file upload_15.csv (CSV, C-alpha atoms)
chain,number,residue,atom,x,y,z
A,1,MET,CA,-31.6,129.4,-34.2
A,2,SER,CA,-31.9,132.7,-32.2
A,3,ALA,CA,-34.6,135.2,-33.1
A,4,VAL,CA,-31.9,137.6,-34.3
A,5,ALA,CA,-30.3,135.0,-36.6
A,6,LEU,CA,-33.7,134.0,-37.9
A,7,GLN,CA,-34.5,137.6,-38.7
A,8,GLN,CA,-31.2,138.1,-40.5
A,9,ASP,CA,-31.6,134.9,-42.5
A,10,VAL,CA,-35.2,135.7,-43.6
A,11,GLU,CA,-34.5,139.3,-44.4
A,12,ALA,CA,-31.5,138.2,-46.5
A,13,GLY,CA,-33.7,135.7,-48.4
A,14,VAL,CA,-36.3,138.4,-49.0
A,15,GLU,CA,-33.6,140.7,-50.4
A,16,ARG,CA,-32.2,138.1,-52.7
A,17,VAL,CA,-35.6,137.2,-54.1
A,18,ARG,CA,-36.5,140.9,-54.6
A,19,GLU,CA,-33.2,141.4,-56.5
A,20,ARG,CA,-34.0,138.4,-58.7
A,21,MET,CA,-37.5,139.7,-59.3
A,22,THR,CA,-36.2,143.2,-60.2
A,23,ARG,CA,-33.7,141.8,-62.7
A,24,ALA,CA,-36.4,139.6,-64.3
A,25,CYS,CA,-38.7,142.6,-64.6
A,26,GLN,CA,-35.9,144.6,-66.2
A,27,ARG,CA,-35.3,141.9,-68.8
A,28,ALA,CA,-39.0,141.9,-69.6
A,29,GLY,CA,-39.4,145.7,-69.6
A,30,ARG,CA,-41.8,145.6,-66.6
A,31,ASP,CA,-42.3,147.6,-63.5
A,32,PRO,CA,-41.2,145.6,-60.5
A,33,ASP,CA,-44.2,146.9,-58.6
A,34,SER,CA,-46.4,145.0,-61.1
A,35,VAL,CA,-45.4,141.7,-59.5
A,36,THR,CA,-46.5,140.7,-55.9
A,37,LEU,CA,-44.3,138.4,-53.9
A,38,VAL,CA,-46.3,135.8,-52.0
A,39,ALA,CA,-44.1,134.2,-49.3
A,40,VAL,CA,-45.2,130.6,-49.0
A,41,SER,CA,-44.9,129.8,-45.3
A,42,LYS,CA,-46.0,126.1,-45.5
A,43,GLY,CA,-44.1,124.2,-42.8
A,44,GLN,CA,-42.6,127.4,-41.3
A,45,PRO,CA,-43.3,128.6,-37.7
A,46,VAL,CA,-45.0,131.9,-36.9
A,47,GLU,CA,-41.6,133.3,-35.9
A,48,ALA,CA,-40.4,133.0,-39.5
A,49,ILE,CA,-43.6,134.7,-40.7
A,50,ARG,CA,-43.0,137.5,-38.3
A,51,ALA,CA,-39.4,137.9,-39.5
A,52,ALA,CA,-40.6,138.1,-43.1
A,53,TYR,CA,-43.3,140.6,-42.1
A,54,ALA,CA,-40.6,142.7,-40.4
A,55,GLY,CA,-38.6,142.5,-43.6
A,56,GLY,CA,-41.5,144.1,-45.5
A,57,LEU,CA,-43.6,141.2,-46.8
A,58,ARG,CA,-47.3,141.6,-46.7
A,59,HIS,CA,-48.6,138.6,-48.6
A,60,PHE,CA,-48.3,135.0,-47.3
A,61,GLY,CA,-49.4,131.7,-48.9
A,62,GLU,CA,-50.3,128.5,-47.2
A,63,ASN,CA,-51.0,125.1,-48.7
A,64,ARG,CA,-52.8,123.1,-46.0
A,65,ILE,CA,-56.0,124.2,-44.3
A,66,GLN,CA,-55.4,122.3,-41.1
A,67,GLU,CA,-51.9,123.9,-40.7
A,68,ALA,CA,-52.9,127.3,-41.9
A,69,VAL,CA,-55.9,128.2,-39.8
A,70,PRO,CA,-54.2,128.2,-36.4
A,71,LYS,CA,-51.1,129.7,-37.9
A,72,ILE,CA,-53.0,132.6,-39.4
A,73,GLU,CA,-54.7,133.3,-36.1
A,74,ALA,CA,-51.4,133.1,-34.2
A,75,ALA,CA,-49.7,135.4,-36.8
A,76,ARG,CA,-52.5,138.0,-36.4
A,77,ASN,CA,-52.2,137.8,-32.6
A,78,ALA,CA,-48.5,138.5,-33.1
A,79,GLY,CA,-49.2,141.7,-35.0
A,80,VAL,CA,-48.9,140.4,-38.6
A,81,GLU,CA,-51.5,142.2,-40.7
A,82,ALA,CA,-51.2,140.5,-44.0
A,83,THR,CA,-53.1,139.2,-47.0
A,84,TRP,CA,-53.4,135.5,-46.8
A,85,HIS,CA,-53.4,133.3,-50.0
A,86,LEU,CA,-54.5,129.7,-50.2
A,87,VAL,CA,-52.1,128.3,-52.8
A,88,GLY,CA,-52.6,124.5,-52.2
A,89,HIS,CA,-55.4,122.2,-53.4
A,90,LEU,CA,-58.8,122.8,-51.8
A,91,GLN,CA,-61.3,120.1,-51.3
A,92,SER,CA,-64.9,121.3,-51.7
A,93,ASN,CA,-65.8,120.0,-48.2
A,94,LYS,CA,-63.3,122.6,-46.7
A,95,ALA,CA,-64.6,125.5,-48.7
A,96,LYS,CA,-66.3,127.1,-45.8
A,97,VAL,CA,-63.2,127.2,-43.7
A,98,ALA,CA,-61.1,128.4,-46.6
A,99,ALA,CA,-63.6,131.2,-47.5
A,100,SER,CA,-63.4,132.5,-43.9
A,101,ALA,CA,-59.6,132.1,-43.3
A,102,PHE,CA,-58.2,133.4,-46.6
A,103,ASP,CA,-58.4,136.6,-48.6
A,104,VAL,CA,-57.3,135.1,-51.9
A,105,ILE,CA,-57.9,131.5,-53.1
A,106,HIS,CA,-55.6,130.5,-56.0
A,107,SER,CA,-56.8,126.9,-56.4
A,108,ALA,CA,-60.4,126.9,-57.5
A,109,ASP,CA,-60.7,124.2,-60.2
A,110,SER,CA,-64.3,123.1,-60.5
A,111,ALA,CA,-67.8,124.5,-60.7
A,112,LYS,CA,-68.7,122.6,-57.5
A,113,LEU,CA,-65.9,124.2,-55.6
A,114,LEU,CA,-66.8,127.7,-56.9
A,115,ALA,CA,-70.4,127.2,-55.8
A,116,ARG,CA,-69.3,126.0,-52.3
A,117,LEU,CA,-67.0,129.0,-51.9
A,118,ASP,CA,-69.7,131.4,-53.1
A,119,GLY,CA,-72.2,130.1,-50.6
A,120,ALA,CA,-69.7,130.0,-47.8
A,121,ALA,CA,-67.9,133.3,-48.2
A,122,PRO,CA,-68.7,135.8,-45.3
A,123,ALA,CA,-67.6,138.6,-47.6
A,124,PRO,CA,-66.5,138.9,-51.3
A,125,ARG,CA,-63.4,136.7,-51.9
A,126,ASP,CA,-60.8,137.0,-54.6
A,127,VAL,CA,-60.3,133.7,-56.5
A,128,LEU,CA,-58.1,132.4,-59.2
A,129,LEU,CA,-58.8,129.4,-61.4
A,130,GLN,CA,-56.1,126.7,-61.2
A,131,VAL,CA,-55.2,125.3,-64.6
A,132,ASN,CA,-53.3,122.2,-65.3
A,133,VAL,CA,-51.6,123.6,-68.4
A,134,ALA,CA,-49.1,120.7,-68.8
A,135,ALA,CA,-51.8,118.0,-68.2
A,136,GLU,CA,-49.8,116.3,-65.5
A,137,PRO,CA,-52.0,113.5,-64.1
A,138,GLN,CA,-50.6,113.8,-60.6
A,139,LYS,CA,-51.5,117.5,-60.3
A,140,GLN,CA,-54.8,119.3,-59.6
A,141,GLY,CA,-56.3,121.9,-61.8
A,142,ALA,CA,-58.8,122.3,-64.6
A,143,ALA,CA,-58.0,121.4,-68.2
A,144,PRO,CA,-57.4,124.5,-70.4
A,145,ASP,CA,-60.5,123.7,-72.4
A,146,ALA,CA,-62.7,123.8,-69.2
A,147,VAL,CA,-61.6,127.3,-68.3
A,148,GLU,CA,-64.3,129.0,-70.3
A,149,THR,CA,-67.1,127.3,-68.3
A,150,LEU,CA,-65.4,128.0,-65.0
A,151,VAL,CA,-64.9,131.7,-65.9
A,152,GLU,CA,-68.6,132.0,-66.5
A,153,ALA,CA,-69.4,130.3,-63.3
A,154,ALA,CA,-67.1,132.4,-61.3
A,155,ARG,CA,-68.3,135.6,-62.9
A,156,GLU,CA,-71.9,134.7,-62.0
A,157,ALA,CA,-71.1,134.0,-58.4
A,158,ALA,CA,-72.4,136.7,-56.0
A,159,ASN,CA,-69.6,136.5,-53.5
A,160,LEU,CA,-66.5,135.7,-55.6
A,161,ARG,CA,-64.3,138.1,-57.6
A,162,LEU,CA,-62.5,136.3,-60.4
A,163,ARG,CA,-59.0,137.8,-60.6
A,164,GLY,CA,-57.1,135.5,-62.8
A,165,LEU,CA,-55.5,132.1,-63.4
A,166,MET,CA,-52.9,130.0,-61.5
A,167,THR,CA,-50.7,127.1,-62.6
A,168,ILE,CA,-48.0,124.9,-61.2
A,169,ALA,CA,-45.4,124.2,-63.8
A,170,PRO,CA,-43.7,120.8,-64.2
A,171,MET,CA,-40.4,120.3,-62.3
A,172,ALA,CA,-37.5,120.9,-64.6
A,173,THR,CA,-33.8,121.2,-64.3
A,174,ASP,CA,-33.7,124.1,-66.7
A,175,PRO,CA,-36.5,126.8,-66.0
A,176,GLU,CA,-36.5,127.5,-69.7
A,177,ASP,CA,-38.2,124.2,-70.3
A,178,VAL,CA,-41.3,125.4,-68.6
A,179,ARG,CA,-41.5,128.8,-70.3
A,180,PRO,CA,-44.2,127.5,-72.7
A,181,VAL,CA,-46.4,126.5,-69.8
A,182,PHE,CA,-46.3,130.1,-68.5
A,183,ARG,CA,-46.8,131.5,-71.9
A,184,ASP,CA,-49.8,129.3,-72.5
A,185,LEU,CA,-51.4,130.5,-69.2
A,186,ARG,CA,-50.8,134.1,-70.1
A,187,GLU,CA,-52.5,133.7,-73.4
A,188,LEU,CA,-55.4,131.9,-71.8
A,189,ALA,CA,-55.8,134.8,-69.3
A,190,GLU,CA,-55.7,137.3,-72.1
A,191,ARG,CA,-58.5,135.4,-73.9
A,192,PHE,CA,-60.8,136.1,-71.0
A,193,SER,CA,-59.4,139.5,-70.0
A,194,LEU,CA,-58.1,138.3,-66.7
A,195,GLU,CA,-55.3,140.4,-65.1
A,196,GLU,CA,-53.7,138.2,-62.5
A,197,LEU,CA,-51.4,135.4,-63.3
A,198,SER,CA,-50.2,133.3,-60.3
A,199,MET,CA,-47.2,131.3,-61.6
A,200,GLY,CA,-43.6,130.7,-60.7
A,201,MET,CA,-42.0,129.3,-57.6
A,202,THR,CA,-38.4,129.3,-56.2
A,203,ASP,CA,-36.8,127.5,-59.1
A,204,ASP,CA,-38.7,129.2,-62.0
A,205,PHE,CA,-40.2,132.5,-60.9
A,206,GLU,CA,-37.9,134.6,-63.0
A,207,VAL,CA,-39.0,132.9,-66.2
A,208,ALA,CA,-42.6,133.3,-65.0
A,209,ILE,CA,-42.1,137.0,-64.5
A,210,GLU,CA,-40.7,137.3,-68.0
A,211,GLU,CA,-43.9,135.7,-69.3
A,212,GLY,CA,-46.2,137.9,-67.3
A,213,ALA,CA,-46.6,136.6,-63.8
A,214,THR,CA,-48.3,139.1,-61.4
A,215,LEU,CA,-48.1,136.8,-58.4
A,216,VAL,CA,-45.1,134.6,-57.6
A,217,ARG,CA,-45.2,132.0,-54.9
A,218,VAL,CA,-41.8,131.7,-53.2
A,219,GLY,CA,-41.0,129.7,-50.1
A,220,ARG,CA,-37.6,128.0,-50.0
A,221,ALA,CA,-35.7,131.0,-51.4
A,222,ILE,CA,-37.0,133.1,-48.6
A,223,PHE,CA,-37.2,130.7,-45.6
A,224,GLY,CA,-34.9,127.9,-46.5
A,225,GLU,CA,-36.0,124.3,-46.2
A,226,ARG,CA,-39.2,123.7,-44.4
A,227,THR,CA,-39.0,122.8,-40.7
A,228,THR,CA,-41.9,120.4,-40.8

call {"tool": "encode", "arguments": {"input": "upload_15.csv", "output": "structure tokens"}}
result
Amino acid sequence: MSAVALQQDVEAGVERVRERMTRACQRAGRDPDSVTLVAVSKGQPVEAIRAAYAGGLRHFGENRIQEAVPKIEAARNAGVEATWHLVGHLQSNKAKVAASAFDVIHSADSAKLLARLDGAAPAPRDVLLQVNVAAEPQKQGAAPDAVETLVEAAREAANLRLRGLMTIAPMATDPEDVRPVFRDLRELAERFSLEELSMGMTDDFEVAIEEGATLVRVGRAIFGERTT
């Protein structure tokens, strides 16, 4: 695909997603500016990131440390000045690399990981606690009843700024089926006076917005299918 065609495709994807976000906000009586679009660039080349950046996006999410670190450097060298979000599972032995490479970490899910991030962060880092609301055995995340302990640990950390909670909803044919998951996360965040809610992806972000999402993580609807 030529650079021009890629730019056009990505910009069209961004526009469609923003339109869907606006309609969801209207249904919920929310200001569209209250929701941040995080473009998940996992498996996408730097050229696609540059196209999304040219299309107005300033927040990008990556899942894998090994893929993300050189890509972030290459994107910065290409003039992309963005906020980088780690949205995938983070092993504690990679905390030092993550704390240096990313501005926001969505997937803190244990006291051990929080301690590692706190000790490794070269500057204060924003974190969200990943919660496995639906108790899916194949997914990462803390149990809802463990959140209180993690909130306390994060708030005591010297170099971490606890911003909110994150969840990954179960796959569902009908997005309405996962509305209770998003609602439960919102209520949990309210209990601890946490403002940020990272929830909702390509297939369900509109329902997530209706339930209070402030960060939506969208890849396929912007970039199309992954290239790797």

call {"tool": "atom_distance", "arguments": {"input": "upload_15.csv", "atom1": "CA of Met166 in chain A", "atom2": "CA of Val87 in chain A"}}
result
8.9 Å

call {"tool": "residues_around", "arguments": {"input": "upload_15.csv", "residues": "Val38 in chain A", "least_positions_apart": "3", "cutoff": "12 Å", "atoms": "all atoms listed in the file", "output": "NGL selection string"}}
result
:A and (14 or 17-18 or 35 or 41-42 or 49 or 52-53 or 56-62 or 82-87 or 104 or 106 or 198-202 or 205 or 213-222)

call {"tool": "write_last_selection", "arguments": {"input": "upload_15.csv", "atoms": "C-alpha atoms", "output": "short mmCIF file (atom, residue, chain, number, x, y, z; two decimals), in the frame of the given file"}}
result
data_model
loop_
_atom_site.label_atom_id
_atom_site.label_comp_id
_atom_site.auth_asym_id
_atom_site.auth_seq_id
_atom_site.Cartn_x
_atom_site.Cartn_y
_atom_site.Cartn_z
CA VAL A 14 -36.30 138.40 -49.00
CA VAL A 17 -35.60 137.20 -54.10
CA ARG A 18 -36.50 140.90 -54.60
CA VAL A 35 -45.40 141.70 -59.50
CA SER A 41 -44.90 129.80 -45.30
CA LYS A 42 -46.00 126.10 -45.50
CA ILE A 49 -43.60 134.70 -40.70
CA ALA A 52 -40.60 138.10 -43.10
CA TYR A 53 -43.30 140.60 -42.10
CA GLY A 56 -41.50 144.10 -45.50
CA LEU A 57 -43.60 141.20 -46.80
CA ARG A 58 -47.30 141.60 -46.70
CA HIS A 59 -48.60 138.60 -48.60
CA PHE A 60 -48.30 135.00 -47.30
CA GLY A 61 -49.40 131.70 -48.90
CA GLU A 62 -50.30 128.50 -47.20
CA ALA A 82 -51.20 140.50 -44.00
CA THR A 83 -53.10 139.20 -47.00
CA TRP A 84 -53.40 135.50 -46.80
CA HIS A 85 -53.40 133.30 -50.00
CA LEU A 86 -54.50 129.70 -50.20
CA VAL A 87 -52.10 128.30 -52.80
CA VAL A 104 -57.30 135.10 -51.90
CA HIS A 106 -55.60 130.50 -56.00
CA SER A 198 -50.20 133.30 -60.30
CA MET A 199 -47.20 131.30 -61.60
CA GLY A 200 -43.60 130.70 -60.70
CA MET A 201 -42.00 129.30 -57.60
CA THR A 202 -38.40 129.30 -56.20
CA PHE A 205 -40.20 132.50 -60.90
CA ALA A 213 -46.60 136.60 -63.80
CA THR A 214 -48.30 139.10 -61.40
CA LEU A 215 -48.10 136.80 -58.40
CA VAL A 216 -45.10 134.60 -57.60
CA ARG A 217 -45.20 132.00 -54.90
CA VAL A 218 -41.80 131.70 -53.20
CA GLY A 219 -41.00 129.70 -50.10
CA ARG A 220 -37.60 128.00 -50.00
CA ALA A 221 -35.70 131.00 -51.40
CA ILE A 222 -37.00 133.10 -48.60
#

call {"tool": "atom_distance", "arguments": {"input": "upload_15.csv", "atom1": "CA of Met1 in chain A", "atom2": "CA of Ala54 in chain A"}}
result
17.2 Å

call {"tool": "closest_residue", "arguments": {"input": "upload_15.csv", "among": "A:Ile209, A:Val181, A:Ala143, A:Leu160", "to": "Thr22 in chain A", "atoms": "all atoms listed in the file"}}
result
A:Ile209

call {"tool": "residues_around", "arguments": {"input": "upload_15.csv", "residues": "Ala189 in chain A", "least_positions_apart": "3", "cutoff": "10 Å", "atoms": "only C-alpha atoms", "output": "JSON, numbers by chain"}}
result
{"A": [147, 163, 164, 165, 166, 183, 184, 185, 186, 192, 193, 194, 195, 196, 197]}

call {"tool": "write_last_selection", "arguments": {"input": "upload_15.csv", "atoms": "C-alpha atoms", "output": "compact mmCIF listing (two decimals), in the coordinates of the input"}}
result
# COMPACT_ATOMS: atom_id res chain seq x y z
CA VAL A 147 -61.60 127.30 -68.30
CA ARG A 163 -59.00 137.80 -60.60
CA GLY A 164 -57.10 135.50 -62.80
CA LEU A 165 -55.50 132.10 -63.40
CA MET A 166 -52.90 130.00 -61.50
CA ARG A 183 -46.80 131.50 -71.90
CA ASP A 184 -49.80 129.30 -72.50
CA LEU A 185 -51.40 130.50 -69.20
CA ARG A 186 -50.80 134.10 -70.10
CA PHE A 192 -60.80 136.10 -71.00
CA SER A 193 -59.40 139.50 -70.00
CA LEU A 194 -58.10 138.30 -66.70
CA GLU A 195 -55.30 140.40 -65.10
CA GLU A 196 -53.70 138.20 -62.50
CA LEU A 197 -51.40 135.40 -63.30

call {"tool": "residues_around", "arguments": {"input": "upload_15.csv", "residues": "Glu176 in chain A", "least_positions_apart": "5", "cutoff": "12 Å", "atoms": "all atoms listed in the file", "output": "list in words"}}
result
Ala169, Pro170, Met171, Val181, Phe182, Arg183, Gly200, Asp203, Asp204, Phe205, Glu206, Val207, Ala208, Glu210 and Glu211 of chain A

call {"tool": "atom_distance", "arguments": {"input": "upload_15.csv", "atom1": "CA of Ala111 in chain A", "atom2": "CA of Gly212 in chain A"}}
result
26.3 Å

call {"tool": "residues_near_point", "arguments": {"input": "upload_15.csv", "point": "(-63.0, 120.4, -44.9)", "cutoff": "12 Å", "atoms": "all atoms listed in the file", "output": "VMD selection string"}}
result
chain A and resid 64 to 66 69 89 to 99 113 116 to 117

call {"tool": "closest_residue", "arguments": {"input": "upload_15.csv", "among": "A:Arg50, A:Leu129, A:Glu190, A:Phe102", "to": "Ala78 in chain A", "atoms": "only C-alpha atoms"}}
result
A:Arg50

call {"tool": "closest_residue", "arguments": {"input": "upload_15.csv", "among": "A:Met21, A:Leu37, A:Val10, A:Ala158", "to": "Ala123 in chain A", "atoms": "all atoms listed in the file"}}
result
A:Ala158

call {"tool": "closest_residue", "arguments": {"input": "upload_15.csv", "among": "A:Ala51, A:Arg27, A:Val178, A:Val46", "to": "Ala74 in chain A", "atoms": "only C-alpha atoms"}}
result
A:Val46

call {"tool": "closest_residue", "arguments": {"input": "upload_15.csv", "among": "A:Ser110, A:Gly79, A:Pro180, A:Gln140", "to": "Glu152 in chain A", "atoms": "all atoms listed in the file"}}
result
A:Ser110

call {"tool": "closest_residue", "arguments": {"input": "upload_15.csv", "among": "A:Ala68, A:Ala157, A:Val131, A:Leu6", "to": "Gly119 in chain A", "atoms": "only C-alpha atoms"}}
result
A:Ala157
